[in-house]
$ cat entry_1.cif   # mmCIF, C-alpha atoms
data_model
#
loop_
_atom_site.label_atom_id
_atom_site.label_comp_id
_atom_site.auth_asym_id
_atom_site.auth_seq_id
_atom_site.Cartn_x
_atom_site.Cartn_y
_atom_site.Cartn_z
CA MET A 1 126.33 -15.75 -38.12
CA HIS A 2 123.03 -14.27 -36.97
CA GLN A 3 122.41 -17.27 -34.69
CA VAL A 4 125.83 -16.93 -33.05
CA LEU A 5 125.22 -13.22 -32.34
CA THR A 6 121.77 -14.04 -30.92
CA ILE A 7 123.25 -16.69 -28.59
CA ILE A 8 125.99 -14.29 -27.42
CA ALA A 9 123.42 -11.52 -26.84
CA VAL A 10 121.18 -13.84 -24.79
CA TYR A 11 124.17 -15.05 -22.74
CA LEU A 12 125.39 -11.50 -22.03
CA THR A 13 121.88 -10.37 -21.10
CA ALA A 14 121.53 -13.26 -18.66
CA LEU A 15 124.99 -12.58 -17.26
CA VAL A 16 124.17 -8.90 -16.62
CA ALA A 17 120.85 -9.86 -15.03
CA GLY A 18 122.63 -12.36 -12.76
CA GLY A 19 120.77 -15.33 -14.17
CA ILE A 20 123.76 -17.55 -14.94
CA PRO A 21 125.28 -19.15 -11.86
CA MET A 22 129.05 -18.78 -11.85
CA GLY A 23 129.82 -21.38 -9.17
CA ALA A 24 130.87 -20.94 -5.56
CA SER A 25 134.21 -19.56 -4.50
CA SER A 26 136.73 -22.35 -4.09
CA THR A 27 138.04 -20.77 -0.87
CA GLU A 28 134.69 -20.63 0.94
CA PRO A 29 134.53 -24.33 1.86
CA ASP A 30 138.12 -24.19 3.16
CA LEU A 31 137.35 -21.17 5.34
CA MET A 32 134.21 -22.80 6.72
CA ARG A 33 136.17 -26.03 7.33
CA GLN A 34 138.79 -24.07 9.25
CA THR A 35 136.07 -22.55 11.43
CA ARG A 36 134.52 -25.98 12.02
CA ASP A 37 137.91 -27.49 12.87
CA PHE A 38 138.60 -24.61 15.25
CA HIS A 39 135.37 -25.30 17.15
CA ASN A 40 135.83 -29.09 17.06
CA ASN A 41 139.40 -29.03 18.37
CA CYS A 42 139.50 -26.00 20.66
CA LYS A 43 137.61 -25.68 23.93
CA GLU A 44 137.10 -22.85 26.41
CA ILE A 45 137.46 -20.21 23.69
CA ALA A 46 137.42 -16.76 25.27
CA ILE A 47 138.74 -13.23 24.91
CA VAL A 48 140.96 -11.85 27.67
CA ASN A 49 140.60 -8.07 27.96
CA ALA A 50 142.73 -5.59 29.89
CA GLY A 51 141.84 -6.01 33.55
CA ASP A 52 140.77 -9.66 33.15
CA ARG A 53 142.79 -12.28 34.96
CA PRO A 54 143.71 -15.39 32.96
CA ARG A 55 142.50 -18.55 34.71
CA LEU A 56 145.61 -20.64 34.09
CA ALA A 57 149.03 -19.62 35.36
CA ARG A 58 152.00 -20.27 33.07
CA ALA A 59 155.70 -19.61 33.08
CA PRO A 60 156.58 -15.92 32.54
CA GLN A 61 156.25 -14.91 28.88
CA PRO A 62 156.34 -11.60 27.06
CA PRO A 63 152.99 -9.87 27.47
CA LEU A 64 150.58 -9.98 24.54
CA PRO A 65 148.76 -6.84 23.45
CA MET A 66 145.28 -6.86 24.97
CA PRO A 67 142.79 -8.14 24.17
CA TYR A 68 143.77 -11.61 23.05
CA ILE A 69 141.91 -14.81 22.26
CA THR A 70 142.72 -17.89 24.30
CA ALA A 71 141.69 -21.52 23.87
CA GLY A 72 142.72 -25.06 24.77
CA CYS A 73 143.37 -26.77 21.42
CA ARG A 74 144.28 -30.35 20.57
CA GLY A 75 147.70 -30.81 18.98
CA ALA A 76 149.06 -33.60 16.81
CA ASP A 77 149.98 -35.48 20.02
CA GLY A 78 146.27 -35.60 20.97
CA LYS A 79 146.78 -33.43 24.05
CA HIS A 80 145.14 -30.04 24.62
CA HIS A 81 147.50 -27.06 24.75
CA ARG A 82 146.54 -23.60 26.00
CA SER A 83 147.17 -21.03 23.29
CA LYS A 84 146.89 -17.24 23.17
CA LEU A 85 146.87 -14.90 20.17
CA ALA A 86 146.56 -11.10 20.16
CA LEU A 87 143.58 -9.87 18.13
CA ASP A 88 145.62 -6.88 16.92
CA TYR A 89 147.87 -9.27 15.00
CA CYS A 90 144.87 -10.46 12.97
CA LEU A 91 142.42 -7.57 12.68
CA GLY A 92 142.61 -4.15 11.07
CA TRP A 93 140.25 -1.19 11.23
CA ASN A 94 138.16 0.29 8.43
CA PRO A 95 136.66 3.59 9.64
CA ASN A 96 134.33 3.73 6.63
CA ALA A 97 132.80 0.26 7.02
CA ARG A 98 129.06 -0.28 6.92
CA LEU A 99 126.83 -2.39 9.13
CA LYS A 100 129.12 -1.97 12.14
CA LYS A 101 131.76 -4.29 10.66
CA ASN A 102 134.74 -1.96 11.08
CA LEU A 103 137.03 -4.79 12.20
CA ILE A 104 138.54 -6.39 9.09
CA PRO A 105 141.07 -9.18 8.42
CA GLN A 106 144.53 -7.63 8.19
CA ASN A 107 147.96 -8.94 9.11
CA ASN A 108 149.35 -6.74 11.92
CA GLY A 109 146.39 -4.40 11.38
CA PHE A 110 146.15 -3.33 15.04
CA GLY A 111 142.44 -2.71 14.53
CA ILE A 112 141.67 -3.04 18.23
CA GLN A 113 144.05 -0.17 19.01
CA LYS A 114 143.03 1.94 16.01
CA GLY A 115 139.35 1.58 16.88
CA LYS A 116 140.06 2.18 20.59
CA CYS A 117 138.18 -1.07 21.27
CA TYR A 118 137.63 -2.74 24.64
CA ASN A 119 135.35 -5.30 26.28
CA CYS A 120 135.73 -7.81 23.42
CA GLN A 121 133.82 -11.10 23.42
CA TYR A 122 133.86 -14.30 21.37
CA LEU A 123 130.35 -15.58 20.62
CA ALA A 124 129.79 -18.90 18.85
CA ASP A 125 126.38 -20.20 17.75
CA ASP A 126 127.49 -23.52 16.33
CA TYR A 127 130.47 -25.10 14.56
CA TYR A 128 130.21 -22.74 11.58
CA SER A 129 129.05 -19.39 12.92
CA PHE A 130 130.78 -17.12 15.40
CA MET A 131 131.30 -13.44 16.08
CA TYR A 132 133.90 -11.23 17.71
CA LYS A 133 132.11 -8.33 19.36
CA CYS A 134 134.00 -5.34 20.77
CA THR A 135 132.96 -1.97 22.09
CA CYS A 136 134.87 0.67 20.14
CA MET A 137 135.12 4.45 20.21
CA ILE A 138 133.46 5.97 17.16
CA PRO A 139 134.06 9.62 16.18
CA ASP A 140 130.97 11.79 16.57
CA LEU A 141 130.18 13.30 13.17
CA ILE A 142 128.43 16.30 14.70
CA ASP A 143 130.75 17.09 17.61
CA VAL A 144 134.21 16.35 16.16
CA ASP A 145 135.89 16.78 19.55
CA ARG A 146 133.93 13.87 20.99
CA ASP A 147 133.77 10.09 20.54
CA TYR A 148 131.04 7.69 21.60
CA SER A 149 131.21 3.95 22.26
CA GLU A 150 129.37 1.45 20.12
CA ALA A 151 129.56 -2.30 19.42
CA ARG A 152 131.54 -3.38 16.38
CA TYR A 153 131.70 -6.88 14.90
CA PHE A 154 133.94 -9.30 13.02
CA GLU A 155 132.65 -12.61 11.67
CA GLU A 156 134.75 -13.71 8.69
CA PRO A 157 135.62 -17.42 8.80
CA GLY A 158 139.15 -18.73 8.52
CA VAL A 159 141.04 -15.62 9.68
CA ILE A 160 141.72 -16.79 13.23
CA HIS A 161 141.94 -20.56 13.20
CA TYR A 162 143.58 -23.61 14.73
CA ASP A 163 146.91 -25.14 13.70
CA PRO A 164 146.48 -28.95 13.96
CA GLN A 165 150.19 -29.71 14.23
CA SER A 166 151.05 -27.46 17.15
CA GLY A 167 147.59 -27.19 18.71
CA ARG A 168 147.94 -23.41 18.77
CA LEU A 169 145.85 -20.55 17.44
CA ARG A 170 146.95 -18.99 14.15
CA CYS A 171 146.26 -16.04 11.89
CA PHE A 172 148.22 -15.00 8.82
CA ASN A 173 151.87 -15.75 9.72
CA HIS A 174 151.30 -15.49 13.50
CA LEU A 175 151.29 -18.63 15.60
CA GLY A 176 149.89 -18.19 19.10
CA ILE A 177 151.94 -18.79 22.21
#
$ encode --input "entry_1.cif" --output "structure tokens"
Amino acid sequence: MHQVLTIIAVYLTALVAGGIPMGASSTEPDLMRQTRDFHNNCKEIAIVNAGDRPRLARAPQPPLPMPYITAGCRGADGKHHRSKLALDYCLGWNPNARLKKNLIPQNNGFGIQKGKCYNCQYLADDYYSFMYKCTCMIPDLIDVDRDYSEARYFEEPGVIHYDPQSGRLRCFNHLGI
């Protein structure tokens, strides 16, 4: 009995100290794969902000909230299709976030509007790393009647990704147009 208690005590001590690896999250490889597939199958990825003019003309469609991400993605037919998806459908706003990561994954979160964000950009380093960078209005903690602008970031993989069947952008239950 004493040996069993000693083994349990050693295990719990190692667990508290962080010495026993618990294995990687099973969702992390899928999210990274989605990001890789997005970069492999979509070209000319860009953010269209208010005041920007889209490069490709299309038939009249309902306007998307600005800003939106646009890309030419390969569908199941092997052809590239231009797709657009509003960032507000995919991102929410956490006013208490740290490290300037106020933009968070949230279905219909309207984080761009809530953060009064503008001048958004999509920056990709390679097939696995990317960043959405927006300038947002941050409340001044000293002068409560005033806001100031500052860059805010979003870089969680798998939130905005590519749908291989349709060749369109997707987040949560939203399929780009």
$ resolve_selection --input "entry_1.cif" --expression "the PyMOL selection byres ((chain A and resi 34) around 12)" --output "ChimeraX atom specification"
/A:27-33,35-42,127-129,156-164,169-171
$ write_last_selection --input "entry_1.cif" --atoms "C-alpha atoms" --output "mmCIF file, keeping the file's coordinate frame"
data_model
loop_
_atom_site.group_PDB
_atom_site.id
_atom_site.type_symbol
_atom_site.label_atom_id
_atom_site.label_comp_id
_atom_site.auth_asym_id
_atom_site.auth_seq_id
_atom_site.Cartn_x
_atom_site.Cartn_y
_atom_site.Cartn_z
ATOM 1 C CA THR A 27 138.040 -20.770 -0.870
ATOM 2 C CA GLU A 28 134.690 -20.630 0.940
ATOM 3 C CA PRO A 29 134.530 -24.330 1.860
ATOM 4 C CA ASP A 30 138.120 -24.190 3.160
ATOM 5 C CA LEU A 31 137.350 -21.170 5.340
ATOM 6 C CA MET A 32 134.210 -22.800 6.720
ATOM 7 C CA ARG A 33 136.170 -26.030 7.330
ATOM 8 C CA THR A 35 136.070 -22.550 11.430
ATOM 9 C CA ARG A 36 134.520 -25.980 12.020
ATOM 10 C CA ASP A 37 137.910 -27.490 12.870
ATOM 11 C CA PHE A 38 138.600 -24.610 15.250
ATOM 12 C CA HIS A 39 135.370 -25.300 17.150
ATOM 13 C CA ASN A 40 135.830 -29.090 17.060
ATOM 14 C CA ASN A 41 139.400 -29.030 18.370
ATOM 15 C CA CYS A 42 139.500 -26.000 20.660
ATOM 16 C CA TYR A 127 130.470 -25.100 14.560
ATOM 17 C CA TYR A 128 130.210 -22.740 11.580
ATOM 18 C CA SER A 129 129.050 -19.390 12.920
ATOM 19 C CA GLU A 156 134.750 -13.710 8.690
ATOM 20 C CA PRO A 157 135.620 -17.420 8.800
ATOM 21 C CA GLY A 158 139.150 -18.730 8.520
ATOM 22 C CA VAL A 159 141.040 -15.620 9.680
ATOM 23 C CA ILE A 160 141.720 -16.790 13.230
ATOM 24 C CA HIS A 161 141.940 -20.560 13.200
ATOM 25 C CA TYR A 162 143.580 -23.610 14.730
ATOM 26 C CA ASP A 163 146.910 -25.140 13.700
ATOM 27 C CA PRO A 164 146.480 -28.950 13.960
ATOM 28 C CA LEU A 169 145.850 -20.550 17.440
ATOM 29 C CA ARG A 170 146.950 -18.990 14.150
ATOM 30 C CA CYS A 171 146.260 -16.040 11.890
#
$ closest_residue --input "entry_1.cif" --among "A:Thr70, A:Phe154, A:Leu91, A:Pro105" --to "Ile47 (chain A)" --atoms "only C-alpha atoms"
A:Thr70
$ atom_distance --input "entry_1.cif" --atom1 "CA of Ile45 (chain A)" --atom2 "CA of Leu123 (chain A)"
9.0 Å
$ atom_distance --input "entry_1.cif" --atom1 "CA of Pro95 (chain A)" --atom2 "CA of Asn173 (chain A)"
24.6 Å
$ residues_around --input "entry_1.cif" --residues "Cys120 (chain A)" --least-positions-apart "5" --cutoff "9 Å" --atoms "all atoms listed in the file" --output "ChimeraX atom specification"
/A:47-49,67-68,132-135
$ closest_residue --input "entry_1.cif" --among "A:Asn107, A:Gly167, A:Ile177, A:Met66" --to "His81 (chain A)" --atoms "only C-alpha atoms"
A:Gly167
$ residues_around --input "entry_1.cif" --residues "Lys116 (chain A)" --least-positions-apart "3" --cutoff "10 Å" --atoms "all atoms listed in the file" --output "count of residues only"
11
$ closest_residue --input "entry_1.cif" --among "A:Pro65, A:Gly109, A:Gly115, A:Gly176" --to "Ser83 (chain A)" --atoms "all atoms listed in the file"
A:Gly176
$ residues_around --input "entry_1.cif" --residues "Leu99 (chain A)" --least-positions-apart "6" --cutoff "12 Å" --atoms "only C-alpha atoms" --output "PyMOL selection string"
chain A and resi 150-154
$ closest_residue --input "entry_1.cif" --among "A:Ala97, A:Gly92, A:Ser166, A:Leu87" --to "Tyr118 (chain A)" --atoms "all atoms listed in the file"
A:Leu87
$ atom_distance --input "entry_1.cif" --atom1 "CA of Pro139 (chain A)" --atom2 "CA of Lys114 (chain A)"
11.8 Å
$ closest_residue --input "entry_1.cif" --among "A:Asn102, A:Asn96, A:Arg146, A:Glu44" --to "Arg82 (chain A)" --atoms "only C-alpha atoms"
A:Glu44
$ closest_residue --input "entry_1.cif" --among "A:Asp145, A:Gln106, A:Cys73, A:Glu155" --to "Phe130 (chain A)" --atoms "only C-alpha atoms"
A:Glu155
$ decode --input "entry_1.cif" --residues "region 103-146 of chain A" --atoms "N, CA and C atoms" --output "PDB file, in the first residue's frame"
ATOM      1  N   LEU A 103      -9.000  40.771 -31.672  1.00  0.00           N
ATOM      2  CA  LEU A 103      -9.835  40.065 -32.633  1.00  0.00           C
ATOM      3  C   LEU A 103      -9.792  38.578 -32.318  1.00  0.00           C
ATOM      4  N   ILE A 104     -10.970  37.984 -32.125  1.00  0.00           N
ATOM      5  CA  ILE A 104     -11.073  36.589 -31.697  1.00  0.00           C
ATOM      6  C   ILE A 104     -12.003  35.826 -32.638  1.00  0.00           C
ATOM      7  N   PRO A 105     -11.874  34.486 -32.721  1.00  0.00           N
ATOM      8  CA  PRO A 105     -12.809  33.727 -33.550  1.00  0.00           C
ATOM      9  C   PRO A 105     -14.199  33.720 -32.916  1.00  0.00           C
ATOM     10  N   GLN A 106     -15.198  34.145 -33.688  1.00  0.00           N
ATOM     11  CA  GLN A 106     -16.560  34.158 -33.179  1.00  0.00           C
ATOM     12  C   GLN A 106     -17.523  34.245 -34.353  1.00  0.00           C
ATOM     13  N   ASN A 107     -18.446  33.315 -34.423  1.00  0.00           N
ATOM     14  CA  ASN A 107     -19.452  33.300 -35.474  1.00  0.00           C
ATOM     15  C   ASN A 107     -20.325  34.550 -35.360  1.00  0.00           C
ATOM     16  N   ASN A 108     -20.422  35.317 -36.450  1.00  0.00           N
ATOM     17  CA  ASN A 108     -21.180  36.569 -36.467  1.00  0.00           C
ATOM     18  C   ASN A 108     -20.783  37.493 -35.324  1.00  0.00           C
ATOM     19  N   GLY A 109     -19.482  37.546 -35.019  1.00  0.00           N
ATOM     20  CA  GLY A 109     -19.001  38.355 -33.906  1.00  0.00           C
ATOM     21  C   GLY A 109     -18.939  39.850 -34.189  1.00  0.00           C
ATOM     22  N   PHE A 110     -18.886  40.229 -35.460  1.00  0.00           N
ATOM     23  CA  PHE A 110     -18.808  41.627 -35.878  1.00  0.00           C
ATOM     24  C   PHE A 110     -17.715  42.387 -35.126  1.00  0.00           C
ATOM     25  N   GLY A 111     -16.572  41.705 -34.969  1.00  0.00           N
ATOM     26  CA  GLY A 111     -15.437  42.303 -34.265  1.00  0.00           C
ATOM     27  C   GLY A 111     -14.841  43.506 -34.964  1.00  0.00           C
ATOM     28  N   ILE A 112     -14.902  43.529 -36.296  1.00  0.00           N
ATOM     29  CA  ILE A 112     -14.363  44.670 -37.031  1.00  0.00           C
ATOM     30  C   ILE A 112     -15.184  45.917 -36.701  1.00  0.00           C
ATOM     31  N   GLN A 113     -16.504  45.767 -36.672  1.00  0.00           N
ATOM     32  CA  GLN A 113     -17.366  46.904 -36.328  1.00  0.00           C
ATOM     33  C   GLN A 113     -17.231  47.281 -34.860  1.00  0.00           C
ATOM     34  N   LYS A 114     -17.233  46.293 -33.981  1.00  0.00           N
ATOM     35  CA  LYS A 114     -17.146  46.577 -32.542  1.00  0.00           C
ATOM     36  C   LYS A 114     -15.832  47.255 -32.185  1.00  0.00           C
ATOM     37  N   GLY A 115     -14.759  46.862 -32.846  1.00  0.00           N
ATOM     38  CA  GLY A 115     -13.453  47.469 -32.575  1.00  0.00           C
ATOM     39  C   GLY A 115     -13.199  48.725 -33.395  1.00  0.00           C
ATOM     40  N   LYS A 116     -14.187  49.118 -34.208  1.00  0.00           N
ATOM     41  CA  LYS A 116     -14.044  50.283 -35.097  1.00  0.00           C
ATOM     42  C   LYS A 116     -12.748  50.159 -35.902  1.00  0.00           C
ATOM     43  N   CYS A 117     -12.567  48.985 -36.518  1.00  0.00           N
ATOM     44  CA  CYS A 117     -11.325  48.672 -37.233  1.00  0.00           C
ATOM     45  C   CYS A 117     -11.400  49.103 -38.691  1.00  0.00           C
ATOM     46  N   TYR A 118     -10.249  49.410 -39.244  1.00  0.00           N
ATOM     47  CA  TYR A 118     -10.127  49.810 -40.648  1.00  0.00           C
ATOM     48  C   TYR A 118      -8.724  49.458 -41.126  1.00  0.00           C
ATOM     49  N   ASN A 119      -8.465  49.654 -42.391  1.00  0.00           N
ATOM     50  CA  ASN A 119      -7.147  49.404 -42.971  1.00  0.00           C
ATOM     51  C   ASN A 119      -6.614  48.009 -42.610  1.00  0.00           C
ATOM     52  N   CYS A 120      -7.433  46.985 -42.858  1.00  0.00           N
ATOM     53  CA  CYS A 120      -7.029  45.610 -42.542  1.00  0.00           C
ATOM     54  C   CYS A 120      -6.144  45.043 -43.647  1.00  0.00           C
ATOM     55  N   GLN A 121      -5.241  44.146 -43.259  1.00  0.00           N
ATOM     56  CA  GLN A 121      -4.315  43.511 -44.193  1.00  0.00           C
ATOM     57  C   GLN A 121      -4.217  42.026 -43.866  1.00  0.00           C
ATOM     58  N   TYR A 122      -3.925  41.243 -44.895  1.00  0.00           N
ATOM     59  CA  TYR A 122      -3.640  39.818 -44.722  1.00  0.00           C
ATOM     60  C   TYR A 122      -2.163  39.622 -45.007  1.00  0.00           C
ATOM     61  N   LEU A 123      -1.422  39.127 -44.043  1.00  0.00           N
ATOM     62  CA  LEU A 123       0.019  38.927 -44.184  1.00  0.00           C
ATOM     63  C   LEU A 123       0.331  37.457 -43.979  1.00  0.00           C
ATOM     64  N   ALA A 124       0.972  36.829 -44.959  1.00  0.00           N
ATOM     65  CA  ALA A 124       1.334  35.411 -44.858  1.00  0.00           C
ATOM     66  C   ALA A 124       2.845  35.270 -44.986  1.00  0.00           C
ATOM     67  N   ASP A 125       3.444  34.523 -44.053  1.00  0.00           N
ATOM     68  CA  ASP A 125       4.883  34.261 -44.094  1.00  0.00           C
ATOM     69  C   ASP A 125       5.199  33.013 -44.900  1.00  0.00           C
ATOM     70  N   ASP A 126       4.400  31.988 -44.705  1.00  0.00           N
ATOM     71  CA  ASP A 126       4.600  30.725 -45.409  1.00  0.00           C
ATOM     72  C   ASP A 126       3.263  29.989 -45.416  1.00  0.00           C
ATOM     73  N   TYR A 127       3.284  28.694 -45.685  1.00  0.00           N
ATOM     74  CA  TYR A 127       2.039  27.937 -45.782  1.00  0.00           C
ATOM     75  C   TYR A 127       1.338  27.738 -44.444  1.00  0.00           C
ATOM     76  N   TYR A 128       2.040  27.944 -43.332  1.00  0.00           N
ATOM     77  CA  TYR A 128       1.459  27.688 -42.023  1.00  0.00           C
ATOM     78  C   TYR A 128       1.206  28.942 -41.202  1.00  0.00           C
ATOM     79  N   SER A 129       1.941  30.020 -41.452  1.00  0.00           N
ATOM     80  CA  SER A 129       1.776  31.196 -40.614  1.00  0.00           C
ATOM     81  C   SER A 129       1.217  32.364 -41.414  1.00  0.00           C
ATOM     82  N   PHE A 130       0.366  33.121 -40.779  1.00  0.00           N
ATOM     83  CA  PHE A 130      -0.324  34.235 -41.404  1.00  0.00           C
ATOM     84  C   PHE A 130      -0.760  35.178 -40.286  1.00  0.00           C
ATOM     85  N   MET A 131      -1.260  36.340 -40.671  1.00  0.00           N
ATOM     86  CA  MET A 131      -1.759  37.284 -39.690  1.00  0.00           C
ATOM     87  C   MET A 131      -2.745  38.226 -40.370  1.00  0.00           C
ATOM     88  N   TYR A 132      -3.846  38.497 -39.698  1.00  0.00           N
ATOM     89  CA  TYR A 132      -4.740  39.578 -40.080  1.00  0.00           C
ATOM     90  C   TYR A 132      -4.355  40.756 -39.194  1.00  0.00           C
ATOM     91  N   LYS A 133      -4.090  41.872 -39.796  1.00  0.00           N
ATOM     92  CA  LYS A 133      -3.683  43.063 -39.048  1.00  0.00           C
ATOM     93  C   LYS A 133      -4.646  44.188 -39.406  1.00  0.00           C
ATOM     94  N   CYS A 134      -5.271  44.781 -38.413  1.00  0.00           N
ATOM     95  CA  CYS A 134      -6.207  45.880 -38.623  1.00  0.00           C
ATOM     96  C   CYS A 134      -5.847  47.021 -37.677  1.00  0.00           C
ATOM     97  N   THR A 135      -6.130  48.223 -38.102  1.00  0.00           N
ATOM     98  CA  THR A 135      -6.019  49.379 -37.224  1.00  0.00           C
ATOM     99  C   THR A 135      -7.388  49.571 -36.587  1.00  0.00           C
ATOM    100  N   CYS A 136      -7.416  49.606 -35.257  1.00  0.00           N
ATOM    101  CA  CYS A 136      -8.684  49.690 -34.538  1.00  0.00           C
ATOM    102  C   CYS A 136      -8.645  50.857 -33.557  1.00  0.00           C
ATOM    103  N   MET A 137      -9.818  51.330 -33.198  1.00  0.00           N
ATOM    104  CA  MET A 137      -9.928  52.436 -32.252  1.00  0.00           C
ATOM    105  C   MET A 137      -9.997  51.851 -30.838  1.00  0.00           C
ATOM    106  N   ILE A 138      -9.053  52.265 -30.008  1.00  0.00           N
ATOM    107  CA  ILE A 138      -8.938  51.745 -28.654  1.00  0.00           C
ATOM    108  C   ILE A 138      -9.315  52.870 -27.684  1.00  0.00           C
ATOM    109  N   PRO A 139     -10.203  52.595 -26.706  1.00  0.00           N
ATOM    110  CA  PRO A 139     -10.564  53.649 -25.750  1.00  0.00           C
ATOM    111  C   PRO A 139      -9.351  54.091 -24.941  1.00  0.00           C
ATOM    112  N   ASP A 140      -9.217  55.391 -24.775  1.00  0.00           N
ATOM    113  CA  ASP A 140      -8.140  55.959 -23.960  1.00  0.00           C
ATOM    114  C   ASP A 140      -8.531  55.789 -22.498  1.00  0.00           C
ATOM    115  N   LEU A 141      -7.689  55.156 -21.707  1.00  0.00           N
ATOM    116  CA  LEU A 141      -8.015  54.893 -20.307  1.00  0.00           C
ATOM    117  C   LEU A 141      -7.912  56.148 -19.446  1.00  0.00           C
ATOM    118  N   ILE A 142      -7.175  57.133 -19.912  1.00  0.00           N
ATOM    119  CA  ILE A 142      -7.022  58.366 -19.134  1.00  0.00           C
ATOM    120  C   ILE A 142      -8.104  59.371 -19.519  1.00  0.00           C
ATOM    121  N   ASP A 143      -8.252  59.619 -20.801  1.00  0.00           N
ATOM    122  CA  ASP A 143      -9.269  60.538 -21.308  1.00  0.00           C
ATOM    123  C   ASP A 143     -10.404  59.701 -21.900  1.00  0.00           C
ATOM    124  N   VAL A 144     -11.438  59.420 -21.091  1.00  0.00           N
ATOM    125  CA  VAL A 144     -12.495  58.489 -21.489  1.00  0.00           C
ATOM    126  C   VAL A 144     -13.342  59.001 -22.658  1.00  0.00           C
ATOM    127  N   ASP A 145     -13.258  60.272 -22.976  1.00  0.00           N
ATOM    128  CA  ASP A 145     -14.001  60.816 -24.110  1.00  0.00           C
ATOM    129  C   ASP A 145     -13.233  60.707 -25.414  1.00  0.00           C
ATOM    130  N   ARG A 146     -12.105  60.019 -25.399  1.00  0.00           N
ATOM    131  CA  ARG A 146     -11.242  59.975 -26.570  1.00  0.00           C
ATOM    132  C   ARG A 146     -10.798  58.549 -26.874  1.00  0.00           C
TER     133      ARG A 146
END
